[in-house]
file work_16.txt (compact mmCIF, C-alpha atoms)
# COMPACT_ATOMS: atom_id res chain seq x y z
CA MET A 221 15.77 -30.30 10.21
CA ALA A 222 14.07 -27.67 8.08
CA GLN A 223 12.33 -24.81 9.88
CA SER A 224 9.09 -23.29 8.58
CA LEU A 225 7.53 -19.92 9.22
CA TYR A 226 4.39 -18.38 7.70
CA GLU A 227 4.61 -14.74 6.60
CA VAL A 228 1.55 -12.56 5.95
CA HIS A 229 2.37 -10.07 3.17
CA THR A 230 0.27 -7.01 2.23
CA LEU A 231 0.25 -5.13 -1.08
CA LYS A 232 -0.28 -1.38 -0.93
CA GLY A 233 0.84 1.18 -3.47
CA GLY A 234 2.46 -1.53 -5.57
CA GLN A 235 4.76 -2.60 -2.71
CA TRP A 236 4.64 -5.96 -0.91
CA VAL A 237 5.42 -5.65 2.82
CA ILE A 238 5.65 -8.36 5.50
CA ASP A 239 2.80 -7.60 7.91
CA SER A 240 3.37 -10.38 10.42
CA THR A 241 4.80 -13.89 10.88
CA TYR A 242 3.30 -17.00 12.50
CA PRO A 243 4.53 -20.50 13.35
CA ASP A 244 1.37 -22.20 12.03
CA LYS A 245 -0.53 -22.07 8.76
CA ASP A 246 -4.09 -21.76 10.13
CA THR A 247 -3.42 -18.64 12.21
CA SER A 248 -1.60 -16.92 9.36
CA ILE A 249 -4.44 -17.61 6.90
CA GLU A 250 -7.05 -16.35 9.39
CA VAL A 251 -5.11 -13.09 9.82
CA ALA A 252 -4.76 -12.78 6.03
CA LYS A 253 -8.52 -13.23 5.58
CA GLN A 254 -9.24 -10.58 8.21
CA LEU A 255 -6.86 -8.13 6.51
CA HIS A 256 -8.44 -8.89 3.13
CA GLY A 257 -11.88 -8.18 4.59
CA GLU A 258 -10.75 -4.73 5.77
CA LYS A 259 -10.27 -3.61 2.13
CA ARG A 260 -7.20 -1.48 3.05
CA PHE A 261 -4.81 -3.42 0.83
CA GLU A 262 -4.64 -4.26 -2.87
CA GLY A 263 -3.66 -7.84 -2.10
CA ILE A 264 -2.85 -10.22 0.75
CA LYS A 265 -0.78 -13.40 0.62
CA VAL A 266 0.64 -15.96 3.03
CA ILE A 267 4.03 -17.44 2.21
CA LYS A 268 5.41 -20.58 3.82
CA ASP A 269 9.12 -19.88 4.28
CA THR A 270 11.15 -23.05 4.85
CA PHE A 271 14.86 -22.86 5.67
CA ASP A 272 17.23 -25.81 5.95
CA PRO A 273 20.21 -24.78 8.12
CA LYS A 274 22.26 -27.83 7.04
CA THR A 275 22.23 -26.90 3.35
CA GLY A 276 21.68 -23.15 3.78
CA GLN A 277 18.87 -23.33 1.24
CA GLY A 278 15.50 -21.67 1.58
CA LYS A 279 12.22 -22.33 -0.16
CA GLU A 280 9.09 -20.20 -0.32
CA LEU A 281 5.63 -21.43 -1.19
CA VAL A 282 2.58 -19.19 -1.52
CA VAL A 283 -0.22 -20.92 0.42
CA PHE A 284 -2.85 -18.13 0.29
CA ASP A 285 -3.09 -15.28 -2.22
CA THR A 286 -5.90 -12.84 -2.98
CA SER A 287 -4.12 -11.35 -5.98
CA LYS A 288 -3.33 -14.40 -8.16
CA ALA A 289 -2.91 -18.17 -8.26
CA PRO A 290 -0.42 -19.74 -5.80
CA LYS A 291 3.10 -20.44 -7.06
CA GLU A 292 6.37 -21.84 -5.74
CA ARG A 293 9.70 -20.02 -5.88
CA SER A 294 13.21 -20.55 -4.57
CA ALA A 295 14.92 -18.39 -1.98
CA PRO A 296 17.51 -15.89 -3.25
CA PRO A 297 20.98 -17.33 -3.94
CA PRO A 298 23.95 -16.66 -1.63
CA PRO A 299 25.62 -13.21 -2.04
CA ALA A 300 28.53 -14.46 -4.21
CA ALA A 301 26.16 -16.11 -6.67
CA ALA A 302 23.83 -13.12 -6.54
CA LYS A 303 26.50 -10.79 -7.99
CA SER A 304 27.07 -12.99 -11.03
CA ALA A 305 23.30 -13.37 -11.47
CA GLU A 306 22.95 -9.59 -11.26
CA ALA A 307 25.49 -9.08 -14.03
CA ALA A 308 23.69 -11.58 -16.24
CA ALA A 309 20.31 -9.99 -15.60
CA ALA A 310 21.51 -6.37 -15.92
CA ALA A 311 20.62 -6.00 -19.60
CA PRO A 312 16.98 -7.17 -19.31
CA ALA A 313 16.52 -5.24 -16.05
CA ALA A 314 17.60 -2.01 -17.73
CA ALA A 315 14.91 -2.46 -20.38
CA ALA A 316 12.16 -3.13 -17.80
CA PRO A 317 9.60 -0.31 -17.44
CA ARG A 318 9.73 1.68 -14.23
CA ALA A 319 6.81 1.98 -11.85
CA LYS A 320 4.73 5.10 -12.46
CA LYS A 321 4.88 7.74 -9.75
CA LYS A 322 2.28 10.37 -9.06
CA PRO A 323 3.43 13.66 -10.61
CA LYS A 324 4.15 16.53 -8.23
CA ASN A 325 1.96 18.94 -10.19
CA GLN A 326 -1.04 16.78 -9.27
CA ASP A 327 -0.37 17.51 -5.58
CA VAL A 328 -0.20 21.24 -6.35
CA SER A 329 -3.47 21.01 -8.26
CA VAL A 330 -5.21 19.38 -5.30
CA ALA A 331 -3.83 22.06 -2.95
CA LEU A 332 -5.04 24.87 -5.23
CA LYS A 333 -8.52 23.35 -5.46
CA ALA A 334 -8.71 23.00 -1.68
CA THR A 335 -7.59 26.60 -1.22
CA GLY A 336 -10.17 27.80 -3.76
CA TRP A 337 -12.97 25.98 -1.95
CA LEU A 338 -11.84 27.39 1.39
CA VAL A 339 -11.85 30.95 0.02
CA ALA A 340 -15.31 30.42 -1.52
CA ILE A 341 -16.70 29.13 1.78
CA VAL A 342 -15.24 32.03 3.77
CA ILE A 343 -16.57 34.64 1.31
CA GLY A 344 -19.97 32.94 1.26
CA GLY A 345 -20.08 32.93 5.07
CA LEU A 346 -19.18 36.60 5.24
CA GLY A 347 -21.87 37.37 2.66
CA VAL A 348 -24.50 35.57 4.73
CA LEU A 349 -23.41 37.47 7.87
CA PHE A 350 -23.63 40.75 5.94
CA LEU A 351 -27.16 39.94 4.76
CA ILE A 352 -28.28 39.00 8.27
CA ASN A 353 -26.86 42.28 9.57
CA LYS A 354 -28.71 44.31 6.88
CA ALA A 355 -31.95 42.41 7.49
CA GLY A 356 -31.66 43.17 11.22
CA ALA A 357 -31.12 46.87 10.47
CA LEU A 358 -34.23 46.95 8.25
CA PHE A 359 -36.37 45.26 10.88
CA SER A 360 -35.16 47.63 13.60
CA LYS A 361 -36.17 50.67 11.49
CA GLY A 362 -39.62 49.24 10.94
CA PHE A 363 -40.41 48.71 14.61
call {"tool": "encode", "arguments": {"input": "work_16.txt", "output": "structure tokens"}}
result
Amino acid sequence: MAQSLYEVHTLKGGQWVIDSTYPDKDTSIEVAKQLHGEKRFEGIKVIKDTFDPKTGQGKELVVFDTSKAPKERSAPPPPAAAKSAEAAAAAPAAAAPRAKKKPKNQDVSVALKATGWLVAIVIGGLGVLFLINKAGALFSKGF
């Protein structure tokens, strides 16, 4: 007999990650809707994962998706078949564009800006303290 499990997947930073799993569809969709309402993720989907232990075959069906229309896909092939499929797909995979990463110099730029603001705030604070001190000295001379 085939076994089914519902997986809640979240998309963040271009990566899909399994958030949680549930034995029933309704609970998994409720959790997915709550996560979608939190606005922390780029996308949420629920996948029904069915595995038949007799045949060793798996099947996945997207039953809820906030990023695009639902679709059906097969489970990955066994390891022996996966190697031959990898060799066949190697040429197109090499031509596929890579995901863009944030350049390191952008991090340095943010750090320099933060340091600049911190220095400006400290100098401004010292200037205000200096002016208060001078104003106090002037008032004490007058009285």
call {"tool": "closest_residue", "arguments": {"input": "work_16.txt", "among": "A:Leu255, A:Val348, A:Leu332, A:Val228", "to": "Val283 of chain A", "atoms": "only C-alpha atoms"}}
result
A:Val228
call {"tool": "closest_residue", "arguments": {"input": "work_16.txt", "among": "A:Leu231, A:Leu338, A:Ala331, A:Ile352", "to": "Ser287 of chain A", "atoms": "all atoms listed in the file"}}
result
A:Leu231
call {"tool": "atom_distance", "arguments": {"input": "work_16.txt", "atom1": "atom CA of Glu227 of chain A", "atom2": "atom CA of Asp269 of chain A"}}
result
7.2 Å
call {"tool": "closest_residue", "arguments": {"input": "work_16.txt", "among": "A:Ser329, A:Leu346, A:Phe359, A:Tyr226", "to": "Val282 of chain A", "atoms": "all atoms listed in the file"}}
result
A:Tyr226
call {"tool": "axis_aligned_box", "arguments": {"input": "work_16.txt", "around": "segment 250-266 of chain A", "padding_each_side": "4 Å", "output": "AutoDock Vina command-line options"}}
result
--center_x -5.6 --center_y -8.9 --center_z 3.5 --size_x 20.5 --size_y 22.9 --size_z 20.7
call {"tool": "atom_distance", "arguments": {"input": "work_16.txt", "atom1": "atom CA of Gly233 of chain A", "atom2": "atom CA of Glu250 of chain A"}}
result
23.1 Å
call {"tool": "atom_distance", "arguments": {"input": "work_16.txt", "atom1": "atom CA of Gln235 of chain A", "atom2": "atom CA of Thr270 of chain A"}}
result
22.7 Å
call {"tool": "residues_around", "arguments": {"input": "work_16.txt", "residues": "Tyr242 of chain A", "least_positions_apart": "4", "cutoff": "12 Å", "atoms": "all atoms listed in the file", "output": "list of chain:residue names"}}
result
A:Ser224, A:Leu225, A:Tyr226, A:Glu227, A:Val228, A:His229, A:Ile238, A:Asp246, A:Thr247, A:Ser248, A:Ile249, A:Glu250, A:Val251, A:Ala252, A:Val266, A:Ile267, A:Lys268, A:Asp269
call {"tool": "write_last_selection", "arguments": {"input": "work_16.txt", "atoms": "C-alpha atoms", "output": "CSV table (one decimal), keeping the file's coordinate frame"}}
result
chain,number,residue,atom,x,y,z
A,224,SER,CA,9.1,-23.3,8.6
A,225,LEU,CA,7.5,-19.9,9.2
A,226,TYR,CA,4.4,-18.4,7.7
A,227,GLU,CA,4.6,-14.7,6.6
A,228,VAL,CA,1.6,-12.6,6.0
A,229,HIS,CA,2.4,-10.1,3.2
A,238,ILE,CA,5.6,-8.4,5.5
A,246,ASP,CA,-4.1,-21.8,10.1
A,247,THR,CA,-3.4,-18.6,12.2
A,248,SER,CA,-1.6,-16.9,9.4
A,249,ILE,CA,-4.4,-17.6,6.9
A,250,GLU,CA,-7.0,-16.4,9.4
A,251,VAL,CA,-5.1,-13.1,9.8
A,252,ALA,CA,-4.8,-12.8,6.0
A,266,VAL,CA,0.6,-16.0,3.0
A,267,ILE,CA,4.0,-17.4,2.2
A,268,LYS,CA,5.4,-20.6,3.8
A,269,ASP,CA,9.1,-19.9,4.3
call {"tool": "residues_near_point", "arguments": {"input": "work_16.txt", "point": "(-4.8, -9.2, -7.2)", "cutoff": "10 Å", "atoms": "only C-alpha atoms", "output": "PDB file with C-alpha atoms, in the coordinates of the input"}}
result
ATOM      1  CA  LEU A 231       0.250  -5.130  -1.080  1.00  0.00           C
ATOM      2  CA  PHE A 261      -4.810  -3.420   0.830  1.00  0.00           C
ATOM      3  CA  GLU A 262      -4.640  -4.260  -2.870  1.00  0.00           C
ATOM      4  CA  GLY A 263      -3.660  -7.840  -2.100  1.00  0.00           C
ATOM      5  CA  ILE A 264      -2.850 -10.220   0.750  1.00  0.00           C
ATOM      6  CA  LYS A 265      -0.780 -13.400   0.620  1.00  0.00           C
ATOM      7  CA  ASP A 285      -3.090 -15.280  -2.220  1.00  0.00           C
ATOM      8  CA  THR A 286      -5.900 -12.840  -2.980  1.00  0.00           C
ATOM      9  CA  SER A 287      -4.120 -11.350  -5.980  1.00  0.00           C
ATOM     10  CA  LYS A 288      -3.330 -14.400  -8.160  1.00  0.00           C
ATOM     11  CA  ALA A 289      -2.910 -18.170  -8.260  1.00  0.00           C
TER      12      ALA A 289
END
call {"tool": "closest_residue", "arguments": {"input": "work_16.txt", "among": "A:Gly345, A:Gly362, A:Gly278, A:Gly356", "to": "Ala222 of chain A", "atoms": "all atoms listed in the file"}}
result
A:Gly278
call {"tool": "closest_residue", "arguments": {"input": "work_16.txt", "among": "A:Ile343, A:Thr335, A:Gly276, A:His256", "to": "Lys232 of chain A", "atoms": "all atoms listed in the file"}}
result
A:His256
